[in-house]
file structure.pdb (PDB, C-alpha atoms)
MODEL        1
ATOM      1  CA  MET V 125      10.265  16.666  12.372
ATOM      2  CA  ASN V 126      11.849  18.703   9.604
ATOM      3  CA  LYS V 127       9.757  20.025   6.742
ATOM      4  CA  PRO V 128       8.961  17.229   4.243
ATOM      5  CA  LEU V 129      11.064  16.867   1.126
ATOM      6  CA  LEU V 130       7.992  15.731  -0.821
ATOM      7  CA  GLU V 131       4.389  16.328   0.171
ATOM      8  CA  ILE V 132       1.560  15.108  -2.042
ATOM      9  CA  GLN V 133      -1.787  16.580  -1.039
ATOM     10  CA  ASP V 134      -5.195  15.387  -2.275
ATOM     11  CA  LEU V 135      -3.812  14.252  -5.639
ATOM     12  CA  GLN V 136      -6.337  13.253  -8.282
ATOM     13  CA  THR V 137      -5.151  12.013 -11.670
ATOM     14  CA  GLN V 138      -7.732  11.153 -14.298
ATOM     15  CA  PHE V 139      -7.713   9.515 -17.708
ATOM     16  CA  ARG V 140     -10.102  10.375 -20.491
ATOM     17  CA  GLY V 141     -12.268   7.425 -21.560
ATOM     18  CA  ASP V 142     -15.302   6.879 -23.756
ATOM     19  CA  LYS V 143     -17.584   7.962 -20.903
ATOM     20  CA  GLY V 144     -15.574  10.937 -19.664
ATOM     21  CA  LEU V 145     -12.806  11.334 -17.077
ATOM     22  CA  ILE V 146     -11.937   8.287 -14.969
ATOM     23  CA  PRO V 147      -9.923   8.747 -11.727
ATOM     24  CA  ALA V 148      -6.900   6.412 -11.564
ATOM     25  CA  VAL V 149      -5.552   8.219  -8.473
ATOM     26  CA  ASP V 150      -8.191   9.754  -6.237
ATOM     27  CA  GLY V 151      -7.367  11.988  -3.262
ATOM     28  CA  VAL V 152      -3.907  10.613  -2.392
ATOM     29  CA  ASP V 153      -1.749  12.136   0.374
ATOM     30  CA  ILE V 154       1.891  11.015   0.714
ATOM     31  CA  THR V 155       4.753  12.563   2.686
ATOM     32  CA  VAL V 156       8.477  11.831   2.290
ATOM     33  CA  HIS V 157      11.173  13.307   4.542
ATOM     34  CA  ALA V 158      14.852  13.753   3.743
ATOM     35  CA  GLY V 159      16.803  10.497   3.982
ATOM     36  CA  GLU V 160      13.624   8.422   4.337
ATOM     37  CA  THR V 161      12.619   5.372   2.312
ATOM     38  CA  VAL V 162       8.854   5.272   1.792
ATOM     39  CA  GLY V 163       7.067   2.274   0.334
ATOM     40  CA  ILE V 164       3.921   2.397  -1.794
ATOM     41  CA  VAL V 165       2.421  -1.070  -1.963
ATOM     42  CA  GLY V 166      -0.641  -2.673  -3.525
ATOM     43  CA  GLU V 167      -1.817  -4.950  -6.313
ATOM     44  CA  SER V 168      -1.452  -4.082  -9.979
ATOM     45  CA  GLY V 169      -4.051  -1.501 -10.968
ATOM     46  CA  CYS V 170      -4.115   0.283  -7.588
ATOM     47  CA  GLY V 171      -2.599   3.536  -8.895
ATOM     48  CA  LYS V 172       1.003   3.193  -7.671
ATOM     49  CA  SER V 173       2.743   3.835 -10.991
ATOM     50  CA  VAL V 174       0.295   6.580 -11.975
ATOM     51  CA  THR V 175       1.149   8.322  -8.708
ATOM     52  CA  SER V 176       4.862   8.185  -9.559
ATOM     53  CA  LEU V 177       4.302   9.423 -13.112
ATOM     54  CA  SER V 178       2.190  12.261 -11.692
ATOM     55  CA  ILE V 179       5.113  13.322  -9.480
ATOM     56  CA  MET V 180       7.437  13.313 -12.494
ATOM     57  CA  ARG V 181       4.761  14.875 -14.726
ATOM     58  CA  LEU V 182       5.341  12.172 -17.318
ATOM     59  CA  LEU V 183       1.691  11.274 -17.899
ATOM     60  CA  PRO V 184       0.540  10.976 -21.512
ATOM     61  CA  LYS V 185      -0.791  14.415 -22.407
ATOM     62  CA  VAL V 186      -3.298  13.015 -24.895
ATOM     63  CA  ASN V 187      -5.605  11.381 -22.366
ATOM     64  CA  ALA V 188      -4.326  12.051 -18.825
ATOM     65  CA  GLN V 189      -4.493  15.066 -16.556
ATOM     66  CA  ILE V 190      -4.030  15.980 -12.910
ATOM     67  CA  THR V 191      -7.354  17.543 -11.936
ATOM     68  CA  ARG V 192      -6.869  18.265  -8.227
ATOM     69  CA  GLY V 193      -4.265  18.568  -5.510
ATOM     70  CA  SER V 194      -0.647  19.632  -5.188
ATOM     71  CA  ILE V 195       2.797  18.004  -5.282
ATOM     72  CA  LEU V 196       5.134  20.025  -3.080
ATOM     73  CA  PHE V 197       8.850  19.321  -3.531
ATOM     74  CA  LYS V 198      11.098  21.379  -1.253
ATOM     75  CA  GLY V 199       8.038  23.563  -0.709
ATOM     76  CA  LYS V 200       7.577  24.217  -4.444
ATOM     77  CA  ASP V 201       4.452  22.930  -6.213
ATOM     78  CA  LEU V 202       5.614  20.877  -9.189
ATOM     79  CA  LEU V 203       2.191  21.225 -10.797
ATOM     80  CA  GLN V 204       2.709  24.973 -11.114
ATOM     81  CA  LEU V 205       6.027  24.715 -12.961
ATOM     82  CA  SER V 206       6.340  25.253 -16.697
ATOM     83  CA  GLU V 207       7.518  22.312 -18.802
ATOM     84  CA  ASP V 208      11.002  23.867 -19.081
ATOM     85  CA  GLU V 209      11.185  24.330 -15.312
ATOM     86  CA  MET V 210      10.026  20.757 -14.744
ATOM     87  CA  ARG V 211      12.608  19.456 -17.203
ATOM     88  CA  ARG V 212      15.304  21.029 -15.037
ATOM     89  CA  VAL V 213      13.942  19.182 -11.988
ATOM     90  CA  ARG V 214      13.728  15.761 -13.653
ATOM     91  CA  GLY V 215      16.984  13.875 -13.454
ATOM     92  CA  LYS V 216      18.739  16.496 -11.364
ATOM     93  CA  GLU V 217      16.561  16.816  -8.250
ATOM     94  CA  ILE V 218      14.101  13.944  -8.766
ATOM     95  CA  ALA V 219      15.071  10.832 -10.684
ATOM     96  CA  MET V 220      13.189   7.653 -11.499
ATOM     97  CA  VAL V 221      14.093   4.012 -12.026
ATOM     98  CA  PHE V 222      11.421   2.638 -14.328
ATOM     99  CA  GLN V 223       9.764  -0.743 -14.027
ATOM    100  CA  GLU V 224      11.228  -2.406 -17.121
ATOM    101  CA  PRO V 225      14.815  -1.410 -17.976
ATOM    102  CA  MET V 226      14.723  -3.034 -21.418
ATOM    103  CA  THR V 227      11.980  -0.666 -22.554
ATOM    104  CA  ALA V 228      13.244   2.334 -20.522
ATOM    105  CA  LEU V 229      16.693   2.227 -22.105
ATOM    106  CA  ASN V 230      17.046   3.358 -25.719
ATOM    107  CA  PRO V 231      17.920   0.239 -27.754
ATOM    108  CA  VAL V 232      19.796   2.159 -30.479
ATOM    109  CA  LYS V 233      22.085   4.164 -28.178
ATOM    110  CA  THR V 234      25.098   2.830 -26.310
ATOM    111  CA  ILE V 235      25.031   2.647 -22.525
ATOM    112  CA  GLY V 236      27.669   5.371 -22.393
ATOM    113  CA  ASN V 237      25.725   7.805 -24.565
ATOM    114  CA  GLN V 238      22.632   7.359 -22.409
ATOM    115  CA  LEU V 239      24.556   7.832 -19.172
ATOM    116  CA  MET V 240      26.239  10.962 -20.513
ATOM    117  CA  GLU V 241      22.998  12.811 -21.279
ATOM    118  CA  MET V 242      22.120  13.867 -17.712
ATOM    119  CA  PRO V 243      25.568  15.242 -16.701
ATOM    120  CA  ILE V 244      25.783  17.190 -19.967
ATOM    121  CA  LEU V 245      22.244  18.577 -19.622
ATOM    122  CA  HIS V 246      22.120  19.314 -15.887
ATOM    123  CA  LEU V 247      25.736  19.675 -14.777
ATOM    124  CA  GLY V 248      27.221  21.303 -17.874
ATOM    125  CA  TYR V 249      29.854  18.616 -18.355
ATOM    126  CA  SER V 250      31.840  18.330 -21.566
ATOM    127  CA  ALA V 251      31.553  15.064 -23.506
ATOM    128  CA  ASP V 252      34.878  13.820 -22.134
ATOM    129  CA  ALA V 253      33.978  14.726 -18.539
ATOM    130  CA  ALA V 254      30.522  13.148 -18.930
ATOM    131  CA  ARG V 255      32.072   9.932 -20.286
ATOM    132  CA  GLU V 256      34.434   9.785 -17.311
ATOM    133  CA  HIS V 257      31.488  10.417 -14.985
ATOM    134  CA  ALA V 258      29.518   7.614 -16.676
ATOM    135  CA  VAL V 259      32.320   5.127 -16.047
ATOM    136  CA  LYS V 260      32.518   6.290 -12.427
ATOM    137  CA  MET V 261      28.750   5.824 -11.930
ATOM    138  CA  LEU V 262      28.857   2.313 -13.396
ATOM    139  CA  GLY V 263      31.614   1.531 -10.927
ATOM    140  CA  LYS V 264      29.430   2.782  -8.077
ATOM    141  CA  VAL V 265      26.728   0.257  -8.985
ATOM    142  CA  HIS V 266      29.356  -2.507  -9.072
ATOM    143  CA  ILE V 267      29.404  -3.114 -12.822
ATOM    144  CA  PRO V 268      32.722  -4.641 -13.895
ATOM    145  CA  ARG V 269      34.776  -3.452 -16.908
ATOM    146  CA  ALA V 270      32.756  -0.212 -16.948
ATOM    147  CA  ASP V 271      35.153   1.429 -19.413
ATOM    148  CA  LYS V 272      34.283  -1.269 -21.970
ATOM    149  CA  LEU V 273      30.589  -1.592 -21.149
ATOM    150  CA  ILE V 274      29.832   2.048 -22.016
ATOM    151  CA  HIS V 275      30.328   1.094 -25.671
ATOM    152  CA  GLU V 276      27.740  -1.720 -25.517
ATOM    153  CA  TYR V 277      23.982  -1.644 -26.171
ATOM    154  CA  PRO V 278      21.159  -2.589 -23.771
ATOM    155  CA  HIS V 279      20.393  -5.884 -25.527
ATOM    156  CA  GLN V 280      23.937  -7.059 -24.793
ATOM    157  CA  LEU V 281      23.350  -6.889 -21.017
ATOM    158  CA  SER V 282      21.446  -9.145 -18.628
ATOM    159  CA  GLY V 283      18.322  -7.896 -16.835
ATOM    160  CA  GLY V 284      20.234  -7.305 -13.614
ATOM    161  CA  MET V 285      22.957  -5.362 -15.410
ATOM    162  CA  ARG V 286      20.378  -3.207 -17.223
ATOM    163  CA  GLN V 287      18.702  -2.429 -13.905
ATOM    164  CA  ARG V 288      22.076  -1.382 -12.460
ATOM    165  CA  VAL V 289      22.583   0.883 -15.478
ATOM    166  CA  MET V 290      19.145   2.448 -14.816
ATOM    167  CA  ILE V 291      20.096   3.093 -11.190
ATOM    168  CA  ALA V 292      23.444   4.581 -12.243
ATOM    169  CA  MET V 293      21.626   6.840 -14.701
ATOM    170  CA  ALA V 294      19.092   7.925 -12.085
ATOM    171  CA  LEU V 295      21.823   8.777  -9.559
ATOM    172  CA  SER V 296      24.204  10.441 -12.018
ATOM    173  CA  CYS V 297      23.257  13.958 -10.848
ATOM    174  CA  SER V 298      22.898  13.044  -7.132
ATOM    175  CA  PRO V 299      19.123  13.705  -6.923
ATOM    176  CA  ASP V 300      17.478  14.439  -3.588
ATOM    177  CA  LEU V 301      14.640  12.004  -4.378
ATOM    178  CA  LEU V 302      14.779   8.665  -6.182
ATOM    179  CA  ILE V 303      11.530   7.035  -7.295
ATOM    180  CA  ALA V 304      11.970   3.294  -7.910
ATOM    181  CA  ASP V 305       8.992   1.702  -9.664
ATOM    182  CA  GLU V 306       9.151  -2.076  -9.182
ATOM    183  CA  PRO V 307      12.967  -2.068  -9.451
ATOM    184  CA  THR V 308      13.236  -5.841  -8.954
ATOM    185  CA  THR V 309      10.443  -6.987 -11.276
ATOM    186  CA  ALA V 310      11.427  -9.824 -13.646
ATOM    187  CA  LEU V 311      14.736 -10.376 -11.846
ATOM    188  CA  ASP V 312      15.642 -13.653 -10.175
ATOM    189  CA  VAL V 313      15.774 -13.788  -6.383
ATOM    190  CA  THR V 314      19.564 -13.501  -6.112
ATOM    191  CA  VAL V 315      19.713 -10.457  -8.386
ATOM    192  CA  GLN V 316      16.744  -8.895  -6.557
ATOM    193  CA  ALA V 317      18.697  -9.074  -3.286
ATOM    194  CA  GLN V 318      21.739  -7.523  -4.955
ATOM    195  CA  ILE V 319      19.686  -4.622  -6.367
ATOM    196  CA  LEU V 320      18.054  -3.929  -2.986
ATOM    197  CA  ASP V 321      21.415  -4.021  -1.217
ATOM    198  CA  LEU V 322      22.774  -1.667  -3.859
ATOM    199  CA  MET V 323      19.926   0.819  -3.347
ATOM    200  CA  ASN V 324      20.501   0.772   0.415
ATOM    201  CA  GLU V 325      24.218   1.333  -0.072
ATOM    202  CA  LEU V 326      23.725   4.182  -2.525
ATOM    203  CA  GLN V 327      21.134   5.876  -0.317
ATOM    204  CA  GLU V 328      23.538   5.878   2.631
ATOM    205  CA  ARG V 329      26.297   7.244   0.408
ATOM    206  CA  GLU V 330      24.238   9.877  -1.457
ATOM    207  CA  HIS V 331      21.868  10.760   1.452
ATOM    208  CA  SER V 332      18.882  10.718  -0.901
ATOM    209  CA  SER V 333      15.266   9.831  -0.170
ATOM    210  CA  ILE V 334      13.594   6.896  -1.917
ATOM    211  CA  VAL V 335       9.994   6.223  -2.894
ATOM    212  CA  LEU V 336       9.821   2.479  -3.503
ATOM    213  CA  ILE V 337       6.817   1.265  -5.463
ATOM    214  CA  THR V 338       6.145  -2.459  -5.278
ATOM    215  CA  HIS V 339       3.576  -5.194  -4.722
ATOM    216  CA  ASP V 340       6.055  -7.148  -2.583
ATOM    217  CA  LEU V 341       5.595  -6.583   1.156
ATOM    218  CA  GLY V 342       8.805  -8.517   1.805
ATOM    219  CA  VAL V 343      10.773  -5.888  -0.135
ATOM    220  CA  VAL V 344       8.987  -3.094   1.733
ATOM    221  CA  ALA V 345       9.766  -4.708   5.110
ATOM    222  CA  GLU V 346      13.457  -4.870   4.199
ATOM    223  CA  MET V 347      13.823  -1.378   2.700
ATOM    224  CA  CYS V 348      11.274   1.077   4.101
ATOM    225  CA  GLN V 349      10.593   3.024   7.278
ATOM    226  CA  THR V 350       7.077   4.103   6.295
ATOM    227  CA  VAL V 351       4.540   2.450   4.013
ATOM    228  CA  TYR V 352       1.397   3.575   2.179
ATOM    229  CA  VAL V 353      -0.987   0.815   1.105
ATOM    230  CA  MET V 354      -2.993   1.755  -2.006
ATOM    231  CA  TYR V 355      -6.178   0.191  -3.290
ATOM    232  CA  ALA V 356      -8.274   1.285  -6.276
ATOM    233  CA  GLY V 357      -6.600   4.690  -6.508
ATOM    234  CA  GLN V 358      -6.749   5.560  -2.803
ATOM    235  CA  VAL V 359      -4.466   5.206   0.211
ATOM    236  CA  VAL V 360      -6.222   2.741   2.528
ATOM    237  CA  GLU V 361      -3.540   2.529   5.213
ATOM    238  CA  HIS V 362      -0.483   4.545   6.244
ATOM    239  CA  ALA V 363       1.834   3.391   9.019
ATOM    240  CA  ALA V 364       5.396   2.811  10.132
ATOM    241  CA  ILE V 365       6.551  -0.459   8.593
ATOM    242  CA  ASP V 366       7.103  -2.188  11.949
ATOM    243  CA  ASP V 367       3.558  -1.360  13.070
ATOM    244  CA  LEU V 368       2.052  -2.472   9.786
ATOM    245  CA  ILE V 369       3.909  -5.803   9.729
ATOM    246  CA  ARG V 370       3.144  -6.501  13.381
ATOM    247  CA  GLU V 371      -0.547  -5.560  13.266
ATOM    248  CA  PRO V 372      -2.063  -4.641   9.875
ATOM    249  CA  ALA V 373      -5.224  -2.598  10.390
ATOM    250  CA  HIS V 374      -7.103  -2.496   7.077
ATOM    251  CA  PRO V 375      -8.747  -5.750   5.905
ATOM    252  CA  TYR V 376      -6.951  -5.344   2.564
ATOM    253  CA  THR V 377      -3.551  -5.065   4.275
ATOM    254  CA  GLN V 378      -4.445  -8.069   6.422
ATOM    255  CA  GLY V 379      -5.221 -10.014   3.244
ATOM    256  CA  LEU V 380      -1.893  -9.019   1.699
ATOM    257  CA  MET V 381      -0.061 -10.157   4.822
ATOM    258  CA  ARG V 382      -1.903 -13.491   4.922
ATOM    259  CA  SER V 383      -0.959 -14.135   1.295
ATOM    260  CA  LEU V 384       2.780 -14.073   2.085
ATOM    261  CA  PRO V 385       4.332 -17.564   2.116
ATOM    262  CA  ARG V 386       5.621 -18.634   5.531
ATOM    263  CA  GLU V 387       7.816 -21.534   6.532
ATOM    264  CA  GLU V 388       5.275 -22.766   9.089
ATOM    265  CA  ASP V 389       2.651 -22.967   6.323
ATOM    266  CA  SER V 390       4.771 -25.333   4.223
ATOM    267  CA  GLY V 391       2.608 -27.849   2.379
ATOM    268  CA  SER V 392      -0.638 -25.911   2.918
ATOM    269  CA  ARG V 393      -2.565 -23.834   0.410
ATOM    270  CA  LEU V 394      -1.604 -20.152   0.236
ATOM    271  CA  SER V 395      -4.243 -17.667   1.323
ATOM    272  CA  CYS V 396      -5.518 -15.235  -1.298
ATOM    273  CA  ILE V 397      -7.872 -12.262  -1.524
ATOM    274  CA  PRO V 398     -10.918 -13.251  -3.613
ATOM    275  CA  GLY V 399     -11.869 -11.184  -6.647
ATOM    276  CA  ASN V 400      -9.961  -8.438  -8.431
ATOM    277  CA  VAL V 401      -9.192  -4.745  -8.036
ATOM    278  CA  PRO V 402     -12.203  -2.834  -9.445
ATOM    279  CA  LEU V 403     -11.722  -0.846 -12.621
ATOM    280  CA  PRO V 404     -11.104   2.881 -12.021
ATOM    281  CA  GLY V 405     -14.374   4.746 -11.604
ATOM    282  CA  SER V 406     -16.491   1.589 -11.440
ATOM    283  CA  VAL V 407     -17.329   1.848  -7.716
ATOM    284  CA  LYS V 408     -19.800   4.717  -7.325
ATOM    285  CA  LEU V 409     -20.923   4.117  -3.737
ATOM    286  CA  GLY V 410     -19.271   2.707  -0.647
ATOM    287  CA  CYS V 411     -15.864   1.303   0.148
ATOM    288  CA  ARG V 412     -13.931   0.185  -2.922
ATOM    289  CA  PHE V 413     -12.781  -2.966  -1.134
ATOM    290  CA  ALA V 414     -16.239  -3.950   0.141
ATOM    291  CA  GLU V 415     -16.945  -6.655  -2.463
ATOM    292  CA  ARG V 416     -13.747  -8.507  -1.531
ATOM    293  CA  CYS V 417     -13.882  -7.874   2.217
ATOM    294  CA  SER V 418     -14.947 -10.608   4.664
ATOM    295  CA  GLN V 419     -15.650  -7.954   7.328
ATOM    296  CA  ALA V 420     -17.889  -5.695   5.211
ATOM    297  CA  MET V 421     -20.959  -4.172   6.877
ATOM    298  CA  GLY V 422     -24.045  -2.537   5.410
ATOM    299  CA  ARG V 423     -22.485   0.911   5.751
ATOM    300  CA  CYS V 424     -19.516  -0.230   3.658
ATOM    301  CA  THR V 425     -21.667  -0.516   0.524
ATOM    302  CA  ARG V 426     -23.283   2.905   1.020
ATOM    303  CA  GLU V 427     -20.481   5.251   2.133
ATOM    304  CA  ASN V 428     -16.837   5.534   1.150
ATOM    305  CA  PRO V 429     -14.897   5.643   4.445
ATOM    306  CA  PRO V 430     -12.518   8.511   5.166
ATOM    307  CA  LEU V 431      -8.919   8.053   6.259
ATOM    308  CA  LEU V 432      -9.311   7.657  10.006
ATOM    309  CA  ARG V 433      -6.543   8.260  12.510
ATOM    310  CA  VAL V 434      -6.326   5.008  14.471
ATOM    311  CA  ALA V 435      -3.074   5.907  16.266
ATOM    312  CA  ALA V 436      -0.769   8.913  16.611
ATOM    313  CA  ASP V 437       1.061   8.152  13.358
ATOM    314  CA  ARG V 438      -1.314   5.726  11.685
ATOM    315  CA  MET V 439      -4.240   6.186   9.289
ATOM    316  CA  CYS V 440      -6.724   3.618   7.993
ATOM    317  CA  ARG V 441      -9.602   3.963   5.507
ATOM    318  CA  CYS V 442     -12.119   1.587   7.096
ATOM    319  CA  TRP V 443     -15.440   1.916   8.910
ATOM    320  CA  LEU V 444     -14.281  -0.693  11.460
ATOM    321  CA  TYR V 445     -12.360   2.133  13.141
ATOM    322  CA  ALA V 446     -15.079   4.805  13.010
ATOM    323  CA  GLU V 447     -15.803   4.544  16.732
ATOM    324  CA  THR V 448     -12.233   4.134  17.949
ATOM    325  CA  SER V 449     -10.370   6.638  15.755
ATOM    326  CA  ALA V 450      -8.413   9.193  17.784
ATOM    327  CA  ALA V 451     -10.602  12.254  18.352
ATOM    328  CA  GLY V 452     -12.710  11.138  15.394
ATOM    329  CA  GLU V 453     -10.187  12.738  13.068
ATOM    330  CA  GLY V 454     -10.081  11.559   9.465
ATOM    331  CA  LYS V 455     -10.121  12.616   5.854
ATOM    332  CA  ASP V 456     -13.000  12.139   3.490
ATOM    333  CA  SER V 457     -12.755  10.765  -0.049
ATOM    334  CA  HIS V 458     -11.491  14.166  -1.232
ATOM    335  CA  GLY V 459      -8.742  14.342   1.385
ATOM    336  CA  GLN V 460     -10.516  16.888   3.591
ATOM    337  CA  VAL V 461     -10.297  16.536   7.369
ATOM    338  CA  SER V 462     -13.602  15.488   8.870
TER     339      SER V 462
ENDMDL
END

call {"tool": "encode", "arguments": {"input": "structure.pdb", "output": "structure tokens"}}
result
Amino acid sequence: MNKPLLEIQDLQTQFRGDKGLIPAVDGVDITVHAGETVGIVGESGCGKSVTSLSIMRLLPKVNAQITRGSILFKGKDLLQLSEDEMRRVRGKEIAMVFQEPMTALNPVKTIGNQLMEMPILHLGYSADAAREHAVKMLGKVHIPRADKLIHEYPHQLSGGMRQRVMIAMALSCSPDLLIADEPTTALDVTVQAQILDLMNELQEREHSSIVLITHDLGVVAEMCQTVYVMYAGQVVEHAAIDDLIREPAHPYTQGLMRSLPREEDSGSRLSCIPGNVPLPGSVKLGCRFAERCSQAMGRCTRENPPLLRVAADRMCRCWLYAETSAAGEGKDSHGQVS
């Protein structure tokens, strides 16, 4: 396969707390190829959004820092770039659709002014050319009366329309990589389907790669070719989406799959995973999922399992596969091959 567009290696992102540095993302490896849609899935608090903000280098400088690893984009380590160099990458080569468009859009600027910023900054457009480009981009995301809407403010639009504006803004410079962080959160089911269809359409047209961050396995099954399941700051499973849906390997992934509503289960109580995601840094020994896992063994409370290769293109962080992993190959908690 061709060289990856994005390759995250052993990423650790920590936040400064009262008792020192706390890892929110701990030893994460993620690979994205050109034209691929990759899903990152897990409950709230698993480190999905922090991973995306680490890629964009938009972490709060006051209390957050990337302490280990590399983020290779087109072979270039984003962590080694100056702030000016990174600013030239953001928006032009890598763009992001944030989780909540009402807070991501500037409430005191018109839609047109916000859409014009990227073409002026990155493409050198004049104000008139940027305004024309803004109208064109709104048309691409199927927003009607785009020439009038550019003069309106975010609060005058519905949630679905604001999300379309965010997507238009993200794609205004034809980036190679689009990061979508919960792009359908807080939208009704019909609008969610429209947004997902729109992202598929735009990807085919622009030939960009997408990293889709969500807690919804249904969305991942519809959109993605590859999926990374995150739990408590670590990747616990990595597989092709068809393999993961057909036969989830990690007990956490199995729990997520069981919690999906199915027609045949109509009238019965939905399954759920007991307990909550542990706070970052709170699990000192053993598997971070052990307290919630019905298959936990004694070893699970003493040693943090490595990522084990359970098939040619599949990894799972679970001691259940210690004996059957291909050639015993895996990665320890710091991402090193064991």

call {"tool": "residues_near_point", "arguments": {"input": "structure.pdb", "point": "(20.0, 15.1, -6.2)", "cutoff": "12 Å", "atoms": "only C-alpha atoms", "output": "ChimeraX atom specification"}}
result
/V:129,158-159,198,212-220,242-243,246-247,293-303,327,330-334

call {"tool": "closest_residue", "arguments": {"input": "structure.pdb", "among": "V:Phe222, V:Tyr445, V:Tyr277, V:Phe139", "to": "Gln189 in chain V", "atoms": "only C-alpha atoms"}}
result
V:Phe139

call {"tool": "atom_distance", "arguments": {"input": "structure.pdb", "atom1": "CA of Val401 in chain V", "atom2": "CA of Glu415 in chain V"}}
result
9.7 Å

call {"tool": "closest_residue", "arguments": {"input": "structure.pdb", "among": "V:Val221, V:Glu325, V:Tyr352, V:Cys417", "to": "Val289 in chain V", "atoms": "all atoms listed in the file"}}
result
V:Val221

call {"tool": "atom_distance", "arguments": {"input": "structure.pdb", "atom1": "CA of Lys264 in chain V", "atom2": "CA of Leu320 in chain V"}}
result
14.2 Å

call {"tool": "atom_distance", "arguments": {"input": "structure.pdb", "atom1": "CA of Thr234 in chain V", "atom2": "CA of His275 in chain V"}}
result
5.5 Å

call {"tool": "axis_aligned_box", "arguments": {"input": "structure.pdb", "around": "range 376-382 of chain V", "padding_each_side": "5 Å", "output": "JSON"}}
result
{"center_x": -3.5, "center_y": -9.3, "center_z": 4.1, "size_x": 16.9, "size_y": 18.4, "size_z": 14.7}

call {"tool": "resolve_selection", "arguments": {"input": "structure.pdb", "expression": "the PyMOL selection byres ((chain V and resi 380) around 10)", "output": "list in words"}}
result
Val165, Gly166, Glu167, His339, Asp340, Leu341, Val353, Pro372, His374, Pro375, Tyr376, Thr377, Gln378, Gly379, Met381, Arg382, Ser383, Leu384, Ser395, Cys396 and Ile397 of chain V

call {"tool": "residues_around", "arguments": {"input": "structure.pdb", "residues": "His266 in chain V", "least_positions_apart": "3", "cutoff": "9 Å", "atoms": "all atoms listed in the file", "output": "list in words"}}
result
Met261, Leu262, Gly263, Ala270, Arg288 and Leu322 of chain V

call {"tool": "decode", "arguments": {"input": "structure.pdb", "residues": "range 162-175 of chain V", "atoms": "N, CA and C atoms", "output": "CSV table (one decimal), in the first residue's frame"}}
result
chain,number,residue,atom,x,y,z
V,162,VAL,N,-11.3,6.9,8.1
V,162,VAL,CA,-10.9,6.1,9.3
V,162,VAL,C,-11.8,6.6,10.5
V,163,GLY,N,-12.4,5.6,11.2
V,163,GLY,CA,-13.2,6.0,12.3
V,163,GLY,C,-12.4,5.8,13.6
V,164,ILE,N,-12.6,6.8,14.6
V,164,ILE,CA,-12.1,6.6,15.9
V,164,ILE,C,-13.3,6.6,16.8
V,165,VAL,N,-13.6,5.5,17.5
V,165,VAL,CA,-14.8,5.4,18.3
V,165,VAL,C,-14.5,5.0,19.7
V,166,GLY,N,-15.5,5.4,20.6
V,166,GLY,CA,-15.3,5.1,22.0
V,166,GLY,C,-16.3,6.0,22.8
V,167,GLU,N,-16.4,5.7,24.1
V,167,GLU,CA,-17.3,6.6,24.9
V,167,GLU,C,-16.6,8.0,25.1
V,168,SER,N,-17.4,8.9,25.7
V,168,SER,CA,-16.9,10.2,26.1
V,168,SER,C,-15.8,10.0,27.1
V,169,GLY,N,-14.7,10.7,27.0
V,169,GLY,CA,-13.6,10.6,28.0
V,169,GLY,C,-12.6,9.6,27.6
V,170,CYS,N,-12.6,9.0,26.4
V,170,CYS,CA,-11.7,8.0,26.0
V,170,CYS,C,-10.4,8.6,25.3
V,171,GLY,N,-10.5,9.9,24.9
V,171,GLY,CA,-9.3,10.5,24.3
V,171,GLY,C,-9.4,10.8,22.9
V,172,LYS,N,-10.6,10.6,22.3
V,172,LYS,CA,-10.8,10.8,20.9
V,172,LYS,C,-10.6,12.3,20.4
V,173,SER,N,-11.2,13.2,21.1
V,173,SER,CA,-11.1,14.6,20.7
V,173,SER,C,-9.7,15.2,21.1
V,174,VAL,N,-9.1,14.7,22.1
V,174,VAL,CA,-7.8,15.1,22.5
V,174,VAL,C,-6.8,14.7,21.4
V,175,THR,N,-7.0,13.5,20.9
V,175,THR,CA,-6.2,13.0,19.7
V,175,THR,C,-6.3,13.9,18.5
